[in-house]
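Here is the file start06.pdb (PDB, C-alpha atoms).
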```
ATOM      1  CA  ALA A   1      57.514 -99.107  44.509  1.00  0.00           C
ATOM      2  CA  GLN A   2      56.116 -95.912  45.916  1.00  0.00           C
ATOM      3  CA  THR A   3      54.441 -93.496  43.530  1.00  0.00           C
ATOM      4  CA  VAL A   4      53.836 -89.793  44.018  1.00  0.00           C
ATOM      5  CA  THR A   5      51.175 -87.935  42.051  1.00  0.00           C
ATOM      6  CA  GLN A   6      50.871 -84.194  41.595  1.00  0.00           C
ATOM      7  CA  SER A   7      47.710 -83.635  39.598  1.00  0.00           C
ATOM      8  CA  GLN A   8      48.197 -79.919  38.911  1.00  0.00           C
ATOM      9  CA  PRO A   9      50.908 -79.337  36.283  1.00  0.00           C
ATOM     10  CA  GLU A  10      50.490 -75.558  36.507  1.00  0.00           C
ATOM     11  CA  MET A  11      48.893 -73.103  38.901  1.00  0.00           C
ATOM     12  CA  SER A  12      48.824 -69.369  39.335  1.00  0.00           C
ATOM     13  CA  VAL A  13      47.958 -67.091  42.235  1.00  0.00           C
ATOM     14  CA  GLN A  14      47.798 -63.370  42.837  1.00  0.00           C
ATOM     15  CA  GLU A  15      50.408 -61.842  45.083  1.00  0.00           C
ATOM     16  CA  ALA A  16      49.337 -61.878  48.764  1.00  0.00           C
ATOM     17  CA  GLU A  17      46.726 -64.560  48.127  1.00  0.00           C
ATOM     18  CA  THR A  18      46.764 -68.170  49.368  1.00  0.00           C
ATOM     19  CA  VAL A  19      47.315 -71.211  47.149  1.00  0.00           C
ATOM     20  CA  THR A  20      47.236 -74.951  47.823  1.00  0.00           C
ATOM     21  CA  LEU A  21      49.238 -77.507  45.854  1.00  0.00           C
ATOM     22  CA  SER A  22      48.031 -81.101  45.888  1.00  0.00           C
ATOM     23  CA  CYS A  23      49.993 -84.318  46.304  1.00  0.00           C
ATOM     24  CA  THR A  24      48.933 -87.906  46.769  1.00  0.00           C
ATOM     25  CA  TYR A  25      51.112 -90.958  47.211  1.00  0.00           C
ATOM     26  CA  ASP A  26      50.781 -94.687  47.217  1.00  0.00           C
ATOM     27  CA  THR A  27      52.614 -96.863  49.710  1.00  0.00           C
ATOM     28  CA  SER A  28      52.189 -99.874  51.939  1.00  0.00           C
ATOM     29  CA  GLU A  29      54.744 -98.530  54.413  1.00  0.00           C
ATOM     30  CA  ASN A  30      53.695 -97.212  57.803  1.00  0.00           C
ATOM     31  CA  ASN A  31      56.821 -95.182  58.621  1.00  0.00           C
ATOM     32  CA  TYR A  32      58.032 -92.702  56.038  1.00  0.00           C
ATOM     33  CA  TYR A  33      58.766 -89.048  55.403  1.00  0.00           C
ATOM     34  CA  LEU A  34      57.168 -86.507  53.075  1.00  0.00           C
ATOM     35  CA  PHE A  35      58.724 -83.363  51.690  1.00  0.00           C
ATOM     36  CA  TRP A  36      58.051 -80.381  49.499  1.00  0.00           C
ATOM     37  CA  TYR A  37      60.952 -79.005  47.482  1.00  0.00           C
ATOM     38  CA  LYS A  38      61.011 -75.734  45.567  1.00  0.00           C
ATOM     39  CA  GLN A  39      62.957 -75.310  42.330  1.00  0.00           C
ATOM     40  CA  PRO A  40      63.230 -71.676  41.154  1.00  0.00           C
ATOM     41  CA  PRO A  41      64.540 -70.808  37.675  1.00  0.00           C
ATOM     42  CA  SER A  42      68.083 -71.065  39.080  1.00  0.00           C
ATOM     43  CA  ARG A  43      67.529 -74.868  39.056  1.00  0.00           C
ATOM     44  CA  GLN A  44      68.524 -75.172  42.698  1.00  0.00           C
ATOM     45  CA  MET A  45      66.490 -77.680  44.759  1.00  0.00           C
ATOM     46  CA  ILE A  46      65.409 -76.059  48.017  1.00  0.00           C
ATOM     47  CA  LEU A  47      63.718 -77.900  50.877  1.00  0.00           C
ATOM     48  CA  VAL A  48      60.481 -76.133  51.849  1.00  0.00           C
ATOM     49  CA  ILE A  49      58.972 -78.369  54.502  1.00  0.00           C
ATOM     50  CA  ARG A  50      59.073 -81.934  55.852  1.00  0.00           C
ATOM     51  CA  GLN A  51      56.605 -84.203  57.608  1.00  0.00           C
ATOM     52  CA  GLU A  52      57.226 -87.438  59.470  1.00  0.00           C
ATOM     53  CA  ALA A  53      54.398 -89.922  58.963  1.00  0.00           C
ATOM     54  CA  TYR A  54      54.266 -90.842  62.648  1.00  0.00           C
ATOM     55  CA  LYS A  55      53.476 -87.238  63.602  1.00  0.00           C
ATOM     56  CA  GLN A  56      49.813 -86.302  63.536  1.00  0.00           C
ATOM     57  CA  GLN A  57      50.498 -82.573  63.776  1.00  0.00           C
ATOM     58  CA  ASN A  58      50.821 -80.813  60.445  1.00  0.00           C
ATOM     59  CA  ALA A  59      54.199 -79.179  59.803  1.00  0.00           C
ATOM     60  CA  THR A  60      54.491 -75.420  59.343  1.00  0.00           C
ATOM     61  CA  GLU A  61      57.371 -73.212  58.234  1.00  0.00           C
ATOM     62  CA  ASN A  62      56.503 -69.523  58.269  1.00  0.00           C
ATOM     63  CA  ARG A  63      54.090 -68.992  55.328  1.00  0.00           C
ATOM     64  CA  PHE A  64      54.215 -72.646  54.324  1.00  0.00           C
ATOM     65  CA  SER A  65      52.080 -75.340  55.910  1.00  0.00           C
ATOM     66  CA  VAL A  66      50.913 -78.811  54.992  1.00  0.00           C
ATOM     67  CA  ASN A  67      47.710 -80.774  55.327  1.00  0.00           C
ATOM     68  CA  PHE A  68      48.811 -84.351  55.960  1.00  0.00           C
ATOM     69  CA  GLN A  69      46.046 -86.931  55.719  1.00  0.00           C
ATOM     70  CA  LYS A  70      47.721 -90.288  56.341  1.00  0.00           C
ATOM     71  CA  ALA A  71      44.683 -92.480  55.771  1.00  0.00           C
ATOM     72  CA  ALA A  72      43.906 -90.728  52.510  1.00  0.00           C
ATOM     73  CA  LYS A  73      47.622 -90.666  51.549  1.00  0.00           C
ATOM     74  CA  SER A  74      47.404 -86.987  50.829  1.00  0.00           C
ATOM     75  CA  PHE A  75      50.009 -84.284  51.484  1.00  0.00           C
ATOM     76  CA  SER A  76      49.063 -80.810  50.248  1.00  0.00           C
ATOM     77  CA  LEU A  77      51.115 -77.632  50.567  1.00  0.00           C
ATOM     78  CA  LYS A  78      49.513 -74.317  51.446  1.00  0.00           C
ATOM     79  CA  ILE A  79      51.350 -71.105  50.712  1.00  0.00           C
ATOM     80  CA  SER A  80      49.922 -68.061  52.493  1.00  0.00           C
ATOM     81  CA  ASP A  81      50.547 -64.440  51.557  1.00  0.00           C
ATOM     82  CA  SER A  82      52.123 -65.489  48.253  1.00  0.00           C
ATOM     83  CA  GLN A  83      55.164 -63.514  47.149  1.00  0.00           C
ATOM     84  CA  LEU A  84      56.714 -63.045  43.723  1.00  0.00           C
ATOM     85  CA  GLY A  85      59.725 -65.030  44.926  1.00  0.00           C
ATOM     86  CA  ASP A  86      57.492 -68.070  45.408  1.00  0.00           C
ATOM     87  CA  THR A  87      57.307 -68.472  41.635  1.00  0.00           C
ATOM     88  CA  ALA A  88      58.946 -71.863  41.020  1.00  0.00           C
ATOM     89  CA  MET A  89      58.418 -75.547  40.348  1.00  0.00           C
ATOM     90  CA  TYR A  90      57.272 -77.396  43.456  1.00  0.00           C
ATOM     91  CA  PHE A  91      57.971 -81.088  43.908  1.00  0.00           C
ATOM     92  CA  CYS A  92      56.325 -83.390  46.395  1.00  0.00           C
ATOM     93  CA  ALA A  93      58.568 -86.222  47.556  1.00  0.00           C
ATOM     94  CA  PHE A  94      58.124 -89.465  49.498  1.00  0.00           C
ATOM     95  CA  MET A  95      60.986 -91.098  51.359  1.00  0.00           C
ATOM     96  CA  LYS A  96      61.190 -94.439  53.073  1.00  0.00           C
ATOM     97  CA  GLN A  97      64.289 -95.054  55.102  1.00  0.00           C
ATOM     98  CA  VAL A  98      65.822 -98.476  55.544  1.00  0.00           C
ATOM     99  CA  GLY A  99      69.160 -98.353  57.313  1.00  0.00           C
ATOM    100  CA  ASN A 100      71.286 -95.803  55.456  1.00  0.00           C
ATOM    101  CA  ASN A 101      69.072 -95.968  52.365  1.00  0.00           C
ATOM    102  CA  ASN A 102      67.019 -92.784  51.982  1.00  0.00           C
ATOM    103  CA  ASP A 103      64.954 -93.876  48.983  1.00  0.00           C
ATOM    104  CA  MET A 104      63.265 -90.644  47.869  1.00  0.00           C
ATOM    105  CA  ARG A 105      60.765 -90.529  45.006  1.00  0.00           C
ATOM    106  CA  PHE A 106      59.317 -87.412  43.440  1.00  0.00           C
ATOM    107  CA  GLY A 107      56.117 -86.308  41.793  1.00  0.00           C
ATOM    108  CA  ALA A 108      56.117 -84.697  38.352  1.00  0.00           C
ATOM    109  CA  GLY A 109      55.941 -81.206  39.844  1.00  0.00           C
ATOM    110  CA  THR A 110      53.609 -78.205  39.834  1.00  0.00           C
ATOM    111  CA  ARG A 111      54.706 -74.991  38.198  1.00  0.00           C
ATOM    112  CA  LEU A 112      53.482 -72.093  40.336  1.00  0.00           C
ATOM    113  CA  THR A 113      53.353 -68.545  39.030  1.00  0.00           C
ATOM    114  CA  VAL A 114      52.712 -65.669  41.433  1.00  0.00           C
ATOM    115  CA  LYS A 115      51.223 -62.692  39.597  1.00  0.00           C
ATOM    116  CA  PRO A 116      51.709 -59.101  40.742  1.00  0.00           C
TER     117      PRO A 116
ATOM    118  CA  ASN B   1      80.774 -75.046  53.735  1.00  0.00           C
ATOM    119  CA  ALA B   2      80.518 -76.278  50.123  1.00  0.00           C
ATOM    120  CA  GLY B   3      77.749 -78.886  50.607  1.00  0.00           C
ATOM    121  CA  VAL B   4      77.240 -80.922  47.412  1.00  0.00           C
ATOM    122  CA  THR B   5      79.396 -79.890  44.465  1.00  0.00           C
ATOM    123  CA  GLN B   6      78.648 -81.043  40.936  1.00  0.00           C
ATOM    124  CA  THR B   7      80.782 -80.481  37.870  1.00  0.00           C
ATOM    125  CA  PRO B   8      80.412 -79.529  35.093  1.00  0.00           C
ATOM    126  CA  LYS B   9      77.345 -77.266  35.066  1.00  0.00           C
ATOM    127  CA  PHE B  10      76.804 -77.715  31.329  1.00  0.00           C
ATOM    128  CA  GLN B  11      77.999 -80.321  28.842  1.00  0.00           C
ATOM    129  CA  VAL B  12      77.358 -81.111  25.195  1.00  0.00           C
ATOM    130  CA  LEU B  13      78.234 -84.565  23.905  1.00  0.00           C
ATOM    131  CA  LYS B  14      77.978 -86.318  20.581  1.00  0.00           C
ATOM    132  CA  THR B  15      76.198 -89.640  20.381  1.00  0.00           C
ATOM    133  CA  GLY B  16      78.537 -92.437  21.405  1.00  0.00           C
ATOM    134  CA  GLN B  17      80.886 -90.315  23.482  1.00  0.00           C
ATOM    135  CA  SER B  18      81.530 -91.120  27.119  1.00  0.00           C
ATOM    136  CA  MET B  19      81.906 -88.799  30.064  1.00  0.00           C
ATOM    137  CA  THR B  20      81.851 -88.636  33.845  1.00  0.00           C
ATOM    138  CA  LEU B  21      79.749 -86.282  35.929  1.00  0.00           C
ATOM    139  CA  GLN B  22      81.526 -85.495  39.166  1.00  0.00           C
ATOM    140  CA  CYS B  23      79.869 -85.196  42.563  1.00  0.00           C
ATOM    141  CA  ALA B  24      81.499 -84.458  45.896  1.00  0.00           C
ATOM    142  CA  GLN B  25      80.080 -83.710  49.335  1.00  0.00           C
ATOM    143  CA  ASP B  26      81.831 -82.482  52.446  1.00  0.00           C
ATOM    144  CA  MET B  27      79.150 -83.308  55.023  1.00  0.00           C
ATOM    145  CA  ASN B  28      80.263 -86.896  55.702  1.00  0.00           C
ATOM    146  CA  HIS B  29      76.915 -88.212  54.464  1.00  0.00           C
ATOM    147  CA  GLU B  30      76.697 -91.955  54.004  1.00  0.00           C
ATOM    148  CA  TYR B  31      73.867 -91.806  51.458  1.00  0.00           C
ATOM    149  CA  MET B  32      74.417 -90.377  47.975  1.00  0.00           C
ATOM    150  CA  SER B  33      72.298 -90.596  44.863  1.00  0.00           C
ATOM    151  CA  TRP B  34      71.936 -89.455  41.266  1.00  0.00           C
ATOM    152  CA  TYR B  35      68.699 -88.272  39.672  1.00  0.00           C
ATOM    153  CA  ARG B  36      67.748 -87.111  36.225  1.00  0.00           C
ATOM    154  CA  GLN B  37      65.087 -84.461  35.688  1.00  0.00           C
ATOM    155  CA  ASP B  38      62.984 -84.430  32.544  1.00  0.00           C
ATOM    156  CA  PRO B  39      59.997 -82.179  31.780  1.00  0.00           C
ATOM    157  CA  GLY B  40      56.745 -83.592  33.092  1.00  0.00           C
ATOM    158  CA  MET B  41      58.477 -86.480  34.862  1.00  0.00           C
ATOM    159  CA  GLY B  42      59.942 -84.978  37.992  1.00  0.00           C
ATOM    160  CA  LEU B  43      63.206 -86.418  39.288  1.00  0.00           C
ATOM    161  CA  ARG B  44      63.917 -90.078  38.690  1.00  0.00           C
ATOM    162  CA  LEU B  45      66.489 -92.076  40.625  1.00  0.00           C
ATOM    163  CA  ILE B  46      69.365 -93.464  38.548  1.00  0.00           C
ATOM    164  CA  HIS B  47      71.744 -95.002  41.093  1.00  0.00           C
ATOM    165  CA  TYR B  48      72.392 -94.656  44.789  1.00  0.00           C
ATOM    166  CA  SER B  49      74.969 -95.572  47.409  1.00  0.00           C
ATOM    167  CA  VAL B  50      74.552 -96.215  51.139  1.00  0.00           C
ATOM    168  CA  GLY B  51      78.268 -96.008  51.869  1.00  0.00           C
ATOM    169  CA  ALA B  52      81.748 -96.357  50.423  1.00  0.00           C
ATOM    170  CA  GLY B  53      82.023 -99.493  48.306  1.00  0.00           C
ATOM    171  CA  ILE B  54      78.239-100.024  48.090  1.00  0.00           C
ATOM    172  CA  THR B  55      76.093 -98.992  45.122  1.00  0.00           C
ATOM    173  CA  ASP B  56      72.736-100.063  43.760  1.00  0.00           C
ATOM    174  CA  GLN B  57      70.353 -99.322  40.909  1.00  0.00           C
ATOM    175  CA  GLY B  58      67.410 -96.964  41.040  1.00  0.00           C
ATOM    176  CA  GLU B  59      64.482 -96.562  38.650  1.00  0.00           C
ATOM    177  CA  VAL B  60      66.378 -95.728  35.448  1.00  0.00           C
ATOM    178  CA  PRO B  61      69.914 -97.190  35.635  1.00  0.00           C
ATOM    179  CA  ASN B  62      70.430 -98.297  32.016  1.00  0.00           C
ATOM    180  CA  GLY B  63      73.315 -96.549  30.278  1.00  0.00           C
ATOM    181  CA  TYR B  64      74.884 -95.298  33.515  1.00  0.00           C
ATOM    182  CA  ASN B  65      77.569 -96.609  35.864  1.00  0.00           C
ATOM    183  CA  VAL B  66      78.593 -95.443  39.309  1.00  0.00           C
ATOM    184  CA  SER B  67      81.257 -96.202  41.882  1.00  0.00           C
ATOM    185  CA  ARG B  68      81.832 -95.080  45.464  1.00  0.00           C
ATOM    186  CA  SER B  69      85.462 -95.451  46.469  1.00  0.00           C
ATOM    187  CA  THR B  70      85.280 -92.765  49.172  1.00  0.00           C
ATOM    188  CA  THR B  71      82.543 -91.312  51.358  1.00  0.00           C
ATOM    189  CA  GLU B  72      82.958 -87.934  49.662  1.00  0.00           C
ATOM    190  CA  ASP B  73      82.795 -88.778  45.957  1.00  0.00           C
ATOM    191  CA  PHE B  74      80.122 -90.411  43.806  1.00  0.00           C
ATOM    192  CA  PRO B  75      80.798 -90.013  40.062  1.00  0.00           C
ATOM    193  CA  LEU B  76      78.257 -90.922  37.390  1.00  0.00           C
ATOM    194  CA  ARG B  77      79.572 -92.359  34.121  1.00  0.00           C
ATOM    195  CA  LEU B  78      77.815 -92.331  30.779  1.00  0.00           C
ATOM    196  CA  LEU B  79      79.402 -95.143  28.796  1.00  0.00           C
ATOM    197  CA  SER B  80      78.057 -94.335  25.315  1.00  0.00           C
ATOM    198  CA  ALA B  81      75.895 -91.228  25.288  1.00  0.00           C
ATOM    199  CA  ALA B  82      72.523 -91.325  23.526  1.00  0.00           C
ATOM    200  CA  PRO B  83      70.083 -88.486  22.732  1.00  0.00           C
ATOM    201  CA  SER B  84      67.660 -90.035  25.263  1.00  0.00           C
ATOM    202  CA  GLN B  85      70.163 -89.117  27.974  1.00  0.00           C
ATOM    203  CA  THR B  86      69.693 -85.410  27.311  1.00  0.00           C
ATOM    204  CA  SER B  87      68.518 -84.196  30.700  1.00  0.00           C
ATOM    205  CA  VAL B  88      69.404 -82.285  33.844  1.00  0.00           C
ATOM    206  CA  TYR B  89      71.299 -84.424  36.339  1.00  0.00           C
ATOM    207  CA  PHE B  90      71.313 -83.899  40.091  1.00  0.00           C
ATOM    208  CA  CYS B  91      73.528 -85.425  42.718  1.00  0.00           C
ATOM    209  CA  ALA B  92      72.245 -85.526  46.299  1.00  0.00           C
ATOM    210  CA  SER B  93      73.405 -86.686  49.719  1.00  0.00           C
ATOM    211  CA  SER B  94      71.983 -87.021  53.201  1.00  0.00           C
ATOM    212  CA  TRP B  95      72.180 -88.490  56.654  1.00  0.00           C
ATOM    213  CA  ARG B  96      69.955 -91.424  57.553  1.00  0.00           C
ATOM    214  CA  GLY B  97      66.350 -90.282  57.724  1.00  0.00           C
ATOM    215  CA  SER B  98      67.158 -86.698  56.728  1.00  0.00           C
ATOM    216  CA  PRO B  99      66.173 -84.691  53.650  1.00  0.00           C
ATOM    217  CA  LEU B 100      68.384 -84.816  50.592  1.00  0.00           C
ATOM    218  CA  HIS B 101      70.881 -82.014  49.980  1.00  0.00           C
ATOM    219  CA  PHE B 102      71.208 -81.373  46.256  1.00  0.00           C
ATOM    220  CA  GLY B 103      73.973 -80.114  44.036  1.00  0.00           C
ATOM    221  CA  ASN B 104      73.195 -77.384  41.524  1.00  0.00           C
ATOM    222  CA  GLY B 105      72.714 -79.780  38.645  1.00  0.00           C
ATOM    223  CA  THR B 106      74.352 -80.509  35.293  1.00  0.00           C
ATOM    224  CA  ARG B 107      72.548 -79.779  32.049  1.00  0.00           C
ATOM    225  CA  LEU B 108      73.617 -82.422  29.523  1.00  0.00           C
ATOM    226  CA  THR B 109      72.792 -82.278  25.827  1.00  0.00           C
ATOM    227  CA  VAL B 110      73.533 -85.234  23.560  1.00  0.00           C
ATOM    228  CA  THR B 111      73.416 -84.489  19.831  1.00  0.00           C
TER     229      THR B 111
END
```
Full structure transcribed into structure tokens:
Amino acid sequence: AQTVTQSQPEMSVQEAETVTLSCTYDTSENNYYLFWYKQPPSRQMILVIRQEAYKQQNATENRFSVNFQKAAKSFSLKISDSQLGDTAMYFCAFMKQVGNNNDMRFGAGTRLTVKP
Amino acid sequence: NAGVTQTPKFQVLKTGQSMTLQCAQDMNHEYMSWYRQDPGMGLRLIHYSVGAGITDQGEVPNGYNVSRSTTEDFPLRLLSAAPSQTSVYFCASSWRGSPLHFGNGTRLTVT
């Protein structure tokens, strides 16, 4: 079974600064997907960014970007120009897809606090 | 466009009681799943379904049952609630190879 490890239970960053959240995973699969989800205090799970393993180019979404290192099985999230609204739990997730089965597994999460 | 709808949002049960958490999606997704979220453990997969009439176990299936009679609905049943089942439960659905869409969660407390 795939495992996802987020080694930073909590992090903080000053508003407007840049922060990087770490994620590593263990798999023997070659084709898979990686995601970062954000969970604010409202409890809602919000997709931040996705990366297909077959793509070498790192995904970006506005202030959010990833550093995908396939050989090292590493998938970090960089948040630039941090805003107070970025305060949330962030979950890294690994998904292998077999037919209609989207088997997604999550890390334990990193609680990010953006300080004014 | 409702997306994934979970009910109830909150529930308190006594040990030994049974209940069903409801989940419905209106996106015609074949894949649906249930997760539980506990502090320090992320989201763990309970059961999943790849289509109507097909269900299978995830990482932590004990104490839970599911069924999938229609594409839209995927209820989760707690047969005899235990304090260890106190958690936040999420239902999710997706297309093949696409990210999961989540409901807003159910906070369950078992006393």
Evaluating the ChimeraX specification (/A :<7) & /B on the displayed file yields which residues, as JSON, numbers by chain?
{"B": [30, 31, 40, 41, 42, 43, 50, 96, 97, 102, 104]}
Can you translate the PyMOL selection byres ((chain B and resi 67-77) around 9) into the concrete residues it hits in this file, as a ChimeraX atom specification?
/B:18-34,47-49,51-55,63-66,78-79,91
Apply the PyMOL selection byres ((chain A and resi 13-16) around 8) to the displayed file and report the matching residues as a ChimeraX atom specification.
/A:11-12,17-19,80-84,112-116
Write a file of the just-selected residues containing C-alpha atoms, as a PDB file, keeping the file's coordinate frame.
```pdb
ATOM      1  CA  MET A  11      48.893 -73.103  38.901  1.00  0.00           C
ATOM      2  CA  SER A  12      48.824 -69.369  39.335  1.00  0.00           C
ATOM      3  CA  GLU A  17      46.726 -64.560  48.127  1.00  0.00           C
ATOM      4  CA  THR A  18      46.764 -68.170  49.368  1.00  0.00           C
ATOM      5  CA  VAL A  19      47.315 -71.211  47.149  1.00  0.00           C
ATOM      6  CA  SER A  80      49.922 -68.061  52.493  1.00  0.00           C
ATOM      7  CA  ASP A  81      50.547 -64.440  51.557  1.00  0.00           C
ATOM      8  CA  SER A  82      52.123 -65.489  48.253  1.00  0.00           C
ATOM      9  CA  GLN A  83      55.164 -63.514  47.149  1.00  0.00           C
ATOM     10  CA  LEU A  84      56.714 -63.045  43.723  1.00  0.00           C
ATOM     11  CA  LEU A 112      53.482 -72.093  40.336  1.00  0.00           C
ATOM     12  CA  THR A 113      53.353 -68.545  39.030  1.00  0.00           C
ATOM     13  CA  VAL A 114      52.712 -65.669  41.433  1.00  0.00           C
ATOM     14  CA  LYS A 115      51.223 -62.692  39.597  1.00  0.00           C
ATOM     15  CA  PRO A 116      51.709 -59.101  40.742  1.00  0.00           C
TER      16      PRO A 116
END
```
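Put simply, CA of Tyr35 (chain B) is 9.4 Å away from CA of Glu59 (chain B).
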Enclosing box along x, y and z for every listed atom of region 99-110 of chain A, padded 4 Å each side, centre and size in Å, one decimal, as JSON:
```
{"center_x": 62.4, "center_y": -88.3, "center_z": 47.8, "size_x": 25.7, "size_y": 28.1, "size_z": 27.0}
```
Skipping near chain neighbours, those fewer than 5 positions away, what residues fall within 7 Å of Ser87 (chain B) using only C-alpha atoms, listed as a list in words?
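The neighbour list is Arg36, Gln37, Asp38, Arg107, Leu108 and Thr109 of chain B.
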Residue rebuild result region 9-17 of chain B, all heavy atoms as a short mmCIF file (atom, residue, chain, number, x, y, z; two decimals), in the coordinates of the input:
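Resulting contents of out_36.cif:
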```cif
data_model
loop_
_atom_site.label_atom_id
_atom_site.label_comp_id
_atom_site.auth_asym_id
_atom_site.auth_seq_id
_atom_site.Cartn_x
_atom_site.Cartn_y
_atom_site.Cartn_z
N LYS B 9 78.71 -77.80 35.02
CA LYS B 9 77.34 -77.27 35.07
C LYS B 9 76.62 -77.50 33.75
O LYS B 9 75.41 -77.66 33.71
CB LYS B 9 77.37 -75.77 35.37
CG LYS B 9 77.85 -75.45 36.78
CD LYS B 9 77.77 -73.97 37.05
CE LYS B 9 78.24 -73.67 38.48
NZ LYS B 9 78.20 -72.23 38.80
N PHE B 10 77.36 -77.48 32.66
CA PHE B 10 76.80 -77.72 31.33
C PHE B 10 77.75 -78.63 30.56
O PHE B 10 78.96 -78.58 30.75
CB PHE B 10 76.64 -76.40 30.55
CG PHE B 10 75.75 -75.40 31.22
CD1 PHE B 10 76.29 -74.41 32.03
CD2 PHE B 10 74.38 -75.43 31.04
CE1 PHE B 10 75.48 -73.48 32.66
CE2 PHE B 10 73.56 -74.50 31.66
CZ PHE B 10 74.11 -73.53 32.46
N GLN B 11 77.18 -79.45 29.68
CA GLN B 11 78.00 -80.32 28.84
C GLN B 11 77.23 -80.68 27.59
O GLN B 11 76.04 -80.97 27.66
CB GLN B 11 78.38 -81.59 29.60
CG GLN B 11 79.29 -82.54 28.84
CD GLN B 11 80.70 -81.98 28.71
OE1 GLN B 11 81.31 -81.54 29.68
NE2 GLN B 11 81.22 -82.01 27.50
N VAL B 12 77.93 -80.64 26.46
CA VAL B 12 77.36 -81.11 25.20
C VAL B 12 78.21 -82.27 24.71
O VAL B 12 79.44 -82.17 24.65
CB VAL B 12 77.33 -79.99 24.13
CG1 VAL B 12 76.76 -80.53 22.83
CG2 VAL B 12 76.50 -78.81 24.62
N LEU B 13 77.55 -83.37 24.39
CA LEU B 13 78.23 -84.56 23.90
C LEU B 13 77.68 -84.97 22.55
O LEU B 13 76.50 -84.67 22.25
CB LEU B 13 78.04 -85.75 24.87
CG LEU B 13 78.70 -85.72 26.23
CD1 LEU B 13 78.31 -86.97 27.01
CD2 LEU B 13 80.20 -85.62 26.10
N LYS B 14 78.48 -85.68 21.79
CA LYS B 14 77.98 -86.32 20.58
C LYS B 14 77.59 -87.75 20.92
O LYS B 14 78.15 -88.38 21.83
CB LYS B 14 79.05 -86.29 19.49
CG LYS B 14 79.41 -84.89 19.01
CD LYS B 14 80.38 -84.97 17.84
CE LYS B 14 80.85 -83.58 17.43
NZ LYS B 14 79.72 -82.72 17.02
N THR B 15 76.63 -88.26 20.18
CA THR B 15 76.20 -89.64 20.38
C THR B 15 77.40 -90.58 20.34
O THR B 15 78.24 -90.49 19.44
CB THR B 15 75.19 -90.04 19.29
OG1 THR B 15 74.02 -89.20 19.42
CG2 THR B 15 74.77 -91.48 19.43
N GLY B 16 77.46 -91.46 21.33
CA GLY B 16 78.54 -92.44 21.40
C GLY B 16 79.70 -92.03 22.28
O GLY B 16 80.51 -92.89 22.68
N GLN B 17 79.81 -90.75 22.61
CA GLN B 17 80.89 -90.32 23.48
C GLN B 17 80.62 -90.74 24.92
O GLN B 17 79.47 -90.98 25.31
CB GLN B 17 81.06 -88.79 23.41
CG GLN B 17 81.67 -88.29 22.12
CD GLN B 17 81.92 -86.79 22.15
OE1 GLN B 17 81.08 -86.01 22.61
NE2 GLN B 17 83.07 -86.39 21.63
#
```
